[in-house]
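Have a look at the structure below, then the notes.
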Amino acid sequence: MNSKIRTRFAPSPTGLLHVGGLRTALYNYLFAKQNGGQFMLRIEDTDRARLLEGAEKNIIETLRIFGLDFDEGPIRQSDHLEKYKERAEELIQKGAAYEDGGAIRFKMPKDGVTKFTDIIRGEIQIENETQEDFVILKSDGFPTYNLAHLVDDHDMAITHVIRGDEFISSMPKYIALHKAFGWELPQYAHLPLLLNKDRAKLSKRESDKAVKVLLEEDGYLEEAVLNFVALLGWHPKTDQEIFSLEELIKEFKLEDVQKAGAIFDIQKLDWMNGEYIRKKTPKELVELAAPFLEKEGEGDSSFLEKIIALEQPRLKKLSEMPERTDYFFREPEYDVSLLKWKNMDDNQTKNSLELSAELLKAVNDKDFNKENLEKIFLDRAKKFQDRGELLWPLRVALTGKKASPGPFEIMEILGKESSISRLEAALDMLK
RNA sequence: GGCCCUAUCGUCUAGCCUGGUCUAGGACACCACGCUUUCAAUGUGGGAACACGGGUUCGAAUCCCGUUGGGGCCA
């Protein structure tokens, strides 16, 4: 049990957590948990110039939302500045480092090759002469990434370092540093980078890929984002696409992670989000969609539930709700020509709408429900060559939209009075 | 520019380690058809890839070498 697996997620608080960071955190978490190990959070805040206020809070909050609970931390590097300084001086004493203009540099051995094994990529060899003596402690007393992350990983007893592959070329530095300290090397797994549409590294500057934006502005559900991100660089041998966190803990295999970079393709996220939306109950969806509906004014929750139930099968993300359901909250506005189905002329359209109004007026309030309305209208529509001649103008008069759910379910929610007045408004426009 | 990583449909990928069962499987997207007043959802079907060139082998997506492309790090 001494060899308990310990992983960590060690972001710099320089911006909102984006999908790449989330994936790194997730893989670290999955690997630790599936092995009964522990997952730690460390904040690498020694680069003072790039710090962004609120970033640390955002990182912690985002991990919490996804249920990636860390067992220790957050540990802040800025709280341990003395430690790095001592370690740097220790290296000077050992003759492995030297002062250089106020900074401390590590003496990189220039001969030979560094060989190491990466869990994902296998053996990697790098000529040591490609490396230079590098700064481990800056003249302002702050450590560089090279020193700080390594000292912390050692102190935190990290057994597996799982991080982006941009660090591969610096591995000789880290291995030499471990040797100089006389420390055992952790195991390494370098993940492929996440790429943009144009194949460039996904940078933190791309705010549209920030997890917070995906969740709060676009209206993706956290289950969908997590599931999608998990599959960016890893896939099981089976055809399964939909995974919960628990299933991921079971199925994930670090050694099966892809070696090549993956492009973030939002279309698949859209589909996956739809899948998760359809799994929710309307009641759950009302709560989830509430932040997106505020602008539409308050409605009582059973009213909202009905509306959401209608949109549930066609919704891709919650942010689409306002535009898709605006006609429930106000009279629709639209171009008269939209009322016409195929080749209908003004007169036919008018007759169609008048007939619909008549049919509605004849229905009792208590019978004004979807099933009944559907029966009445479909029965009457038989007299038309094409039932669209009756149903299309009706639906457009109700919604003002080219595309919407069916008219009967909409009328049930709207009620008799509002339905009829919308037909009359449409008839007015045709005069 | 040097070094490192990498290469299967447009995208995410299975297969590669242990060569034949691969006329390369799945998912998203796309197209067609069914259902249908519309849009979805759903069902069925379709097009779509082993980067290229050399080896090794009876046989290569799978192994080796090179080229090219992409990415990263350093400068």
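Every chain in the structure tokens takes a letter, A first, then B, and so on in the order presented; its residues are numbered from 1, and the ligands are numbered from 1 following the presented order.
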
Exercise for the section: Write out as a VMD selection string which residues come within 12 Å of A:Lys350 when counting only C-alpha atoms (C1' of nucleotides), dropping same-chain ones fewer than 3 positions away. Expected result: chain A and resid 336 to 337 339 to 341 344 to 347 353 to 357 389 to 390 393 to 394 397 423 to 431

Which residues of chain A sit at most 8 Å from chain B, using only C-alpha atoms (C1' of nucleotides)? Give each one's shortest atom pair and distance in Å (one decimal place), in chain and ascending residue order, as a Markdown table.
```
| residue | atom | partner | partner_atom | distance |
| --- | --- | --- | --- | --- |
| A:Ile126 | CA | B:C4 | C1' | 7.4 |
| A:Thr130 | CA | B:C3 | C1' | 6.4 |
| A:Asp165 | CA | B:G72 | C1' | 7.4 |
| A:Glu166 | CA | B:G72 | C1' | 5.3 |
| A:Phe167 | CA | B:C73 | C1' | 7.3 |
| A:Ile168 | CA | B:C4 | C1' | 7.0 |
| A:Ser169 | CA | B:C4 | C1' | 5.4 |
| A:Ser170 | CA | B:C73 | C1' | 7.4 |
| A:Arg199 | CA | B:G70 | C1' | 7.7 |
| A:Ala200 | CA | B:G71 | C1' | 7.3 |
| A:Lys201 | CA | B:G71 | C1' | 7.6 |
| A:Leu231 | CA | B:C12 | C1' | 7.1 |
| A:Leu232 | CA | B:C12 | C1' | 6.5 |
| A:Gly233 | CA | B:C12 | C1' | 7.9 |
| A:His235 | CA | B:U13 | C1' | 6.7 |
| A:Lys237 | CA | B:A14 | C1' | 6.0 |
| A:Thr238 | CA | B:A14 | C1' | 7.6 |
| A:Asp239 | CA | B:G26 | C1' | 5.4 |
| A:Glu241 | CA | B:A27 | C1' | 6.9 |
| A:Lys259 | CA | B:U6 | C1' | 6.8 |
| A:Ala260 | CA | B:U6 | C1' | 5.2 |
| A:Gly261 | CA | B:G71 | C1' | 7.4 |
| A:Ala262 | CA | B:C12 | C1' | 7.6 |
| A:Ile263 | CA | B:U11 | C1' | 7.3 |
| A:Asp265 | CA | B:U11 | C1' | 6.1 |
| A:Gln267 | CA | B:C28 | C1' | 6.7 |
| A:Lys268 | CA | B:C28 | C1' | 4.7 |
| A:Trp271 | CA | B:C28 | C1' | 7.2 |
| A:Pro313 | CA | B:A41 | C1' | 5.3 |
| A:Arg314 | CA | B:A40 | C1' | 4.5 |
| A:Arg387 | CA | B:U37 | C1' | 6.3 |
| A:Gly388 | CA | B:U37 | C1' | 3.9 |
| A:Glu389 | CA | B:U37 | C1' | 7.4 |
| A:Leu390 | CA | B:U37 | C1' | 7.6 |
| A:Leu391 | CA | B:U37 | C1' | 4.9 |
| A:Trp392 | CA | B:U37 | C1' | 4.8 |
| A:Lys402 | CA | B:U38 | C1' | 6.1 |
| A:Ala403 | CA | B:C39 | C1' | 4.2 |
| A:Ser404 | CA | B:C39 | C1' | 5.5 |
| A:Pro405 | CA | B:C39 | C1' | 7.0 |
```

Save the residues we just selected, C-alpha atoms, as an mmCIF file, in the first residue's frame?
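The resulting file, selection23.cif, is shown below:
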```cif
data_model
loop_
_atom_site.group_PDB
_atom_site.id
_atom_site.type_symbol
_atom_site.label_atom_id
_atom_site.label_comp_id
_atom_site.auth_asym_id
_atom_site.auth_seq_id
_atom_site.Cartn_x
_atom_site.Cartn_y
_atom_site.Cartn_z
ATOM 1 C CA ILE A 126 17.071 12.393 -26.684
ATOM 2 C CA THR A 130 20.464 19.335 -27.322
ATOM 3 C CA ASP A 165 3.371 16.319 -24.620
ATOM 4 C CA GLU A 166 4.922 19.764 -24.974
ATOM 5 C CA PHE A 167 7.215 18.703 -22.131
ATOM 6 C CA ILE A 168 8.734 15.716 -23.859
ATOM 7 C CA SER A 169 11.677 17.603 -25.274
ATOM 8 C CA SER A 170 12.631 18.827 -21.818
ATOM 9 C CA ARG A 199 -4.478 22.220 -36.372
ATOM 10 C CA ALA A 200 -2.680 24.638 -34.113
ATOM 11 C CA LYS A 201 -2.299 23.975 -30.421
ATOM 12 C CA LEU A 231 -13.099 10.671 -25.993
ATOM 13 C CA LEU A 232 -10.685 13.261 -27.327
ATOM 14 C CA GLY A 233 -7.607 11.101 -27.374
ATOM 15 C CA HIS A 235 -11.529 5.330 -27.009
ATOM 16 C CA LYS A 237 -12.156 -1.215 -27.933
ATOM 17 C CA THR A 238 -15.935 -1.379 -27.940
ATOM 18 C CA ASP A 239 -18.362 0.805 -29.876
ATOM 19 C CA GLU A 241 -19.778 6.316 -27.049
ATOM 20 C CA LYS A 259 -0.384 9.450 -29.658
ATOM 21 C CA ALA A 260 -1.382 12.041 -32.241
ATOM 22 C CA GLY A 261 -3.082 15.334 -31.466
ATOM 23 C CA ALA A 262 -6.855 15.555 -31.634
ATOM 24 C CA ILE A 263 -8.956 18.296 -33.137
ATOM 25 C CA ASP A 265 -14.842 19.126 -33.197
ATOM 26 C CA GLN A 267 -20.356 19.090 -33.969
ATOM 27 C CA LYS A 268 -19.894 15.877 -32.079
ATOM 28 C CA TRP A 271 -24.854 15.610 -30.877
ATOM 29 C CA PRO A 313 -36.122 16.138 -28.790
ATOM 30 C CA ARG A 314 -34.812 18.903 -31.020
ATOM 31 C CA ARG A 387 -53.118 18.257 -45.390
ATOM 32 C CA GLY A 388 -50.369 20.833 -45.324
ATOM 33 C CA GLU A 389 -52.898 23.240 -46.773
ATOM 34 C CA LEU A 390 -54.734 23.202 -43.486
ATOM 35 C CA LEU A 391 -51.899 22.516 -41.062
ATOM 36 C CA TRP A 392 -49.078 24.702 -42.345
ATOM 37 C CA LYS A 402 -40.723 27.894 -40.593
ATOM 38 C CA ALA A 403 -39.818 25.156 -38.163
ATOM 39 C CA SER A 404 -41.405 24.299 -34.855
ATOM 40 C CA PRO A 405 -43.089 21.467 -32.984
#
```

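Of the listed residues B:U68, B:A60, B:C16, B:G45, the one whose atoms come nearest to B:C31 is B:G45, with distances taken using only C-alpha atoms (C1' of nucleotides).
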
I need the strand (DSSP E) residues of stretch 150-274 of chain A per DSSP on the backbone, written as a PDB file with C-alpha atoms, in the first residue's frame.
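Below is the file states38.pdb, written as the result:
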```
ATOM      1  CA  HIS A 160       2.594   9.215 -12.257  1.00  0.00           C
ATOM      2  CA  VAL A 161       3.058  12.463 -14.116  1.00  0.00           C
ATOM      3  CA  ILE A 162       0.337  12.753 -16.734  1.00  0.00           C
ATOM      4  CA  ARG A 163       0.605  15.962 -18.736  1.00  0.00           C
ATOM      5  CA  GLY A 164       0.714  17.494 -22.181  1.00  0.00           C
ATOM      6  CA  GLN A 187       6.380   7.350 -14.336  1.00  0.00           C
ATOM      7  CA  TYR A 188       5.495   9.613 -17.222  1.00  0.00           C
ATOM      8  CA  ALA A 189       2.575   9.700 -19.613  1.00  0.00           C
ATOM      9  CA  HIS A 190       2.612  12.497 -22.157  1.00  0.00           C
ATOM     10  CA  LEU A 191      -0.772  13.240 -23.629  1.00  0.00           C
ATOM     11  CA  LEU A 194      -5.612  19.265 -28.352  1.00  0.00           C
ATOM     12  CA  LEU A 195      -5.712  21.113 -31.640  1.00  0.00           C
ATOM     13  CA  ALA A 262      -6.855  15.555 -31.634  1.00  0.00           C
ATOM     14  CA  ILE A 263      -8.956  18.296 -33.137  1.00  0.00           C
TER      15      ILE A 263
END
```

Practice task
For B:A24, work out the shell of residues within 9 Å, counting only C-alpha atoms (C1' of nucleotides) and skipping chain neighbours fewer than 4 positions away, then give it as number ranges by chain.
Solution key: B: 8, 15, 49-50, 61

Quick one: residues within 9 Å of stretch 3-14 of chain A, only C-alpha atoms (C1' of nucleotides) counted, chain neighbours fewer than 3 positions away excluded, as a compact mmCIF listing (two decimals) with C-alpha atoms, in the first residue's frame?
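Writing the result to out_24.txt gives the following:
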```txt
# COMPACT_ATOMS: atom_id res chain seq x y z
CA LEU A 17 -9.76 26.43 -17.57
CA GLY A 21 -6.87 21.37 -19.18
CA THR A 24 -5.61 16.47 -18.51
CA ALA A 25 -7.33 16.74 -15.15
CA LEU A 26 -9.83 14.06 -16.11
CA ASN A 28 -5.21 12.13 -14.07
CA TYR A 29 -8.33 11.65 -12.02
CA PHE A 31 -6.07 6.88 -13.63
CA ALA A 32 -5.77 7.57 -9.92
CA LYS A 33 -9.29 6.47 -9.08
CA ASN A 35 -6.19 2.23 -9.21
CA GLY A 36 -7.48 3.18 -5.81
CA GLY A 37 -5.05 6.06 -5.76
CA GLN A 38 -5.22 9.74 -5.03
CA PHE A 39 -5.61 12.81 -7.18
CA MET A 40 -4.09 16.13 -6.19
CA LEU A 41 -4.48 19.71 -7.28
CA ARG A 42 -1.51 22.03 -7.39
CA ILE A 43 -1.61 25.62 -8.51
CA GLU A 44 1.55 26.65 -10.35
CA ASP A 45 1.54 30.34 -9.71
CA THR A 46 5.20 31.26 -9.81
CA ASP A 47 5.02 33.13 -13.08
CA ARG A 50 0.93 35.90 -16.26
CA LEU A 51 -1.28 35.43 -13.23
CA LEU A 52 -4.93 36.18 -13.78
CA GLU A 53 -7.21 37.06 -10.97
CA GLY A 54 -10.02 34.59 -10.50
CA ALA A 55 -8.32 31.90 -12.52
CA GLU A 56 -7.57 29.70 -9.54
CA LYS A 57 -11.14 29.99 -8.36
CA ASN A 58 -12.36 29.05 -11.82
CA ILE A 59 -10.13 25.98 -11.92
CA PHE A 70 -9.09 16.14 -5.41
CA HIS A 149 7.14 21.23 -10.62
CA ASP A 153 6.02 16.23 -7.50
CA MET A 156 3.83 15.27 -2.95
CA ALA A 157 4.98 11.72 -3.70
CA ILE A 158 3.51 11.82 -7.17
CA THR A 159 3.94 8.42 -8.81
CA HIS A 160 2.59 9.21 -12.26
CA VAL A 161 3.06 12.46 -14.12
CA ILE A 162 0.34 12.75 -16.73
CA ARG A 163 0.61 15.96 -18.74
CA LYS A 204 -5.78 29.43 -23.50
```

Handout entry: Test item: residues at most 7 Å from A:Glu127, only C-alpha atoms (C1' of nucleotides), excluding those fewer than 3 positions along its chain, as a PyMOL selection string
Key = chain A and resi 112-114+130

Practice task
Would you list, as a VMD selection string, the residues of stretch 23-66 of chain A that end up in helix (DSSP H, G or I) under DSSP run on this structure's backbone?
Solution key: chain A and resid 23 to 34 48 to 50 55 to 66

Next, write the just-selected residues to a file, as an mmCIF file, in the first residue's frame, keeping N, CA and C atoms as the atom set.
```
data_model
loop_
_atom_site.group_PDB
_atom_site.id
_atom_site.type_symbol
_atom_site.label_atom_id
_atom_site.label_comp_id
_atom_site.auth_asym_id
_atom_site.auth_seq_id
_atom_site.Cartn_x
_atom_site.Cartn_y
_atom_site.Cartn_z
ATOM 1 N N ARG A 23 -9.319 17.931 -19.852
ATOM 2 C CA ARG A 23 -8.990 16.555 -20.236
ATOM 3 C C ARG A 23 -7.787 16.045 -19.441
ATOM 4 N N THR A 24 -6.771 16.879 -19.292
ATOM 5 C CA THR A 24 -5.610 16.468 -18.514
ATOM 6 C C THR A 24 -6.026 16.133 -17.080
ATOM 7 N N ALA A 25 -6.854 16.986 -16.510
ATOM 8 C CA ALA A 25 -7.327 16.744 -15.145
ATOM 9 C C ALA A 25 -8.115 15.435 -15.088
ATOM 10 N N LEU A 26 -8.986 15.256 -16.070
ATOM 11 C CA LEU A 26 -9.829 14.057 -16.105
ATOM 12 C C LEU A 26 -8.991 12.784 -16.186
ATOM 13 N N TYR A 27 -8.019 12.754 -17.079
ATOM 14 C CA TYR A 27 -7.198 11.557 -17.234
ATOM 15 C C TYR A 27 -6.403 11.270 -15.954
ATOM 16 N N ASN A 28 -5.908 12.311 -15.337
ATOM 17 C CA ASN A 28 -5.211 12.130 -14.066
ATOM 18 C C ASN A 28 -6.140 11.550 -13.012
ATOM 19 N N TYR A 29 -7.340 12.100 -12.990
ATOM 20 C CA TYR A 29 -8.334 11.649 -12.023
ATOM 21 C C TYR A 29 -8.715 10.195 -12.279
ATOM 22 N N LEU A 30 -9.014 9.886 -13.529
ATOM 23 C CA LEU A 30 -9.443 8.526 -13.875
ATOM 24 C C LEU A 30 -8.372 7.503 -13.526
ATOM 25 N N PHE A 31 -7.151 7.831 -13.880
ATOM 26 C CA PHE A 31 -6.071 6.882 -13.634
ATOM 27 C C PHE A 31 -5.880 6.644 -12.131
ATOM 28 N N ALA A 32 -5.929 7.720 -11.368
ATOM 29 C CA ALA A 32 -5.771 7.567 -9.921
ATOM 30 C C ALA A 32 -6.910 6.737 -9.339
ATOM 31 N N LYS A 33 -8.132 7.109 -9.711
ATOM 32 C CA LYS A 33 -9.289 6.465 -9.081
ATOM 33 C C LYS A 33 -9.434 5.001 -9.476
ATOM 34 N N GLN A 34 -9.107 4.663 -10.714
ATOM 35 C CA GLN A 34 -9.288 3.276 -11.121
ATOM 36 C C GLN A 34 -8.245 2.378 -10.452
ATOM 37 N N ARG A 48 4.713 35.282 -12.081
ATOM 38 C CA ARG A 48 3.900 36.385 -11.573
ATOM 39 C C ARG A 48 3.258 37.226 -12.673
ATOM 40 N N ALA A 49 3.961 37.391 -13.757
ATOM 41 C CA ALA A 49 3.474 38.297 -14.806
ATOM 42 C C ALA A 49 2.209 37.775 -15.475
ATOM 43 N N ARG A 50 2.058 36.446 -15.508
ATOM 44 C CA ARG A 50 0.933 35.899 -16.261
ATOM 45 C C ARG A 50 -0.273 35.532 -15.399
ATOM 46 N N ALA A 55 -8.594 33.125 -11.761
ATOM 47 C CA ALA A 55 -8.321 31.905 -12.518
ATOM 48 C C ALA A 55 -8.283 30.681 -11.597
ATOM 49 N N GLU A 56 -7.659 30.835 -10.464
ATOM 50 C CA GLU A 56 -7.574 29.701 -9.536
ATOM 51 C C GLU A 56 -8.970 29.284 -9.092
ATOM 52 N N LYS A 57 -9.775 30.265 -8.794
ATOM 53 C CA LYS A 57 -11.143 29.989 -8.362
ATOM 54 C C LYS A 57 -11.896 29.241 -9.463
ATOM 55 N N ASN A 58 -11.688 29.682 -10.678
ATOM 56 C CA ASN A 58 -12.359 29.050 -11.816
ATOM 57 C C ASN A 58 -11.924 27.594 -11.985
ATOM 58 N N ILE A 59 -10.644 27.342 -11.792
ATOM 59 C CA ILE A 59 -10.132 25.977 -11.920
ATOM 60 C C ILE A 59 -10.779 25.069 -10.887
ATOM 61 N N ILE A 60 -10.784 25.532 -9.646
ATOM 62 C CA ILE A 60 -11.336 24.725 -8.566
ATOM 63 C C ILE A 60 -12.829 24.495 -8.765
ATOM 64 N N GLU A 61 -13.506 25.569 -9.116
ATOM 65 C CA GLU A 61 -14.945 25.499 -9.336
ATOM 66 C C GLU A 61 -15.280 24.524 -10.477
ATOM 67 N N THR A 62 -14.506 24.594 -11.545
ATOM 68 C CA THR A 62 -14.774 23.731 -12.699
ATOM 69 C C THR A 62 -14.550 22.262 -12.340
ATOM 70 N N LEU A 63 -13.483 21.972 -11.636
ATOM 71 C CA LEU A 63 -13.238 20.578 -11.232
ATOM 72 C C LEU A 63 -14.377 20.079 -10.355
ATOM 73 N N ARG A 64 -14.861 20.956 -9.512
ATOM 74 C CA ARG A 64 -15.949 20.587 -8.611
ATOM 75 C C ARG A 64 -17.215 20.246 -9.401
ATOM 76 N N ILE A 65 -17.526 21.078 -10.386
ATOM 77 C CA ILE A 65 -18.714 20.857 -11.214
ATOM 78 C C ILE A 65 -18.686 19.473 -11.848
ATOM 79 N N PHE A 66 -17.503 19.057 -12.304
ATOM 80 C CA PHE A 66 -17.413 17.780 -13.002
ATOM 81 C C PHE A 66 -17.231 16.598 -12.062
#
```

Exercise for the section: Extract, using only C-alpha atoms (C1' of nucleotides), all DNA, RNA and protein residues at most 12 Å from B:G43, discarding same-chain residues fewer than 3 positions from it, and format them as a list in words. Expected result: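 Contacts, with the query itself left out: C33, G34 and C35 of chain B.
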
Write to file, as an mmCIF file, in the first residue's frame, the residues of the selection just made, with C-alpha atoms (C1' of nucleotides).
```
data_model
loop_
_atom_site.group_PDB
_atom_site.id
_atom_site.type_symbol
_atom_site.label_atom_id
_atom_site.label_comp_id
_atom_site.auth_asym_id
_atom_site.auth_seq_id
_atom_site.Cartn_x
_atom_site.Cartn_y
_atom_site.Cartn_z
ATOM 1 C "C1'" C B 33 -35.391 6.935 -48.447
ATOM 2 C "C1'" G B 34 -39.391 5.731 -44.620
ATOM 3 C "C1'" C B 35 -42.421 8.174 -40.870
#
```

Handout entry: 12 Å contact set for A:Ile104, only C-alpha atoms (C1' of nucleotides), chain neighbours under 4 positions out, as a PyMOL selection string
Key = chain A and resi 84-93+95-100+133-144+147

Exercise for the section: Kindly give the distance, in Å, that separates atom CA of A:Gln312 and atom CA of A:Ile277, rounded to a single decimal. Expected result: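 Calculated distance between atom CA of A:Gln312 and atom CA of A:Ile277 is 6.7 Å.
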
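Picture a line from atom C1' of B:G54 to atom C1' of B:U67; it runs 10.0 Å.
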
Problem - Residue nearest A:Tyr220 - candidates A:Ser319, A:Asn146, A:Ser244, A:Thr325, atoms counted: only C-alpha atoms - result: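 Nearest candidate to A:Tyr220 out of A:Ser319, A:Asn146, A:Ser244, A:Thr325: A:Ser319.
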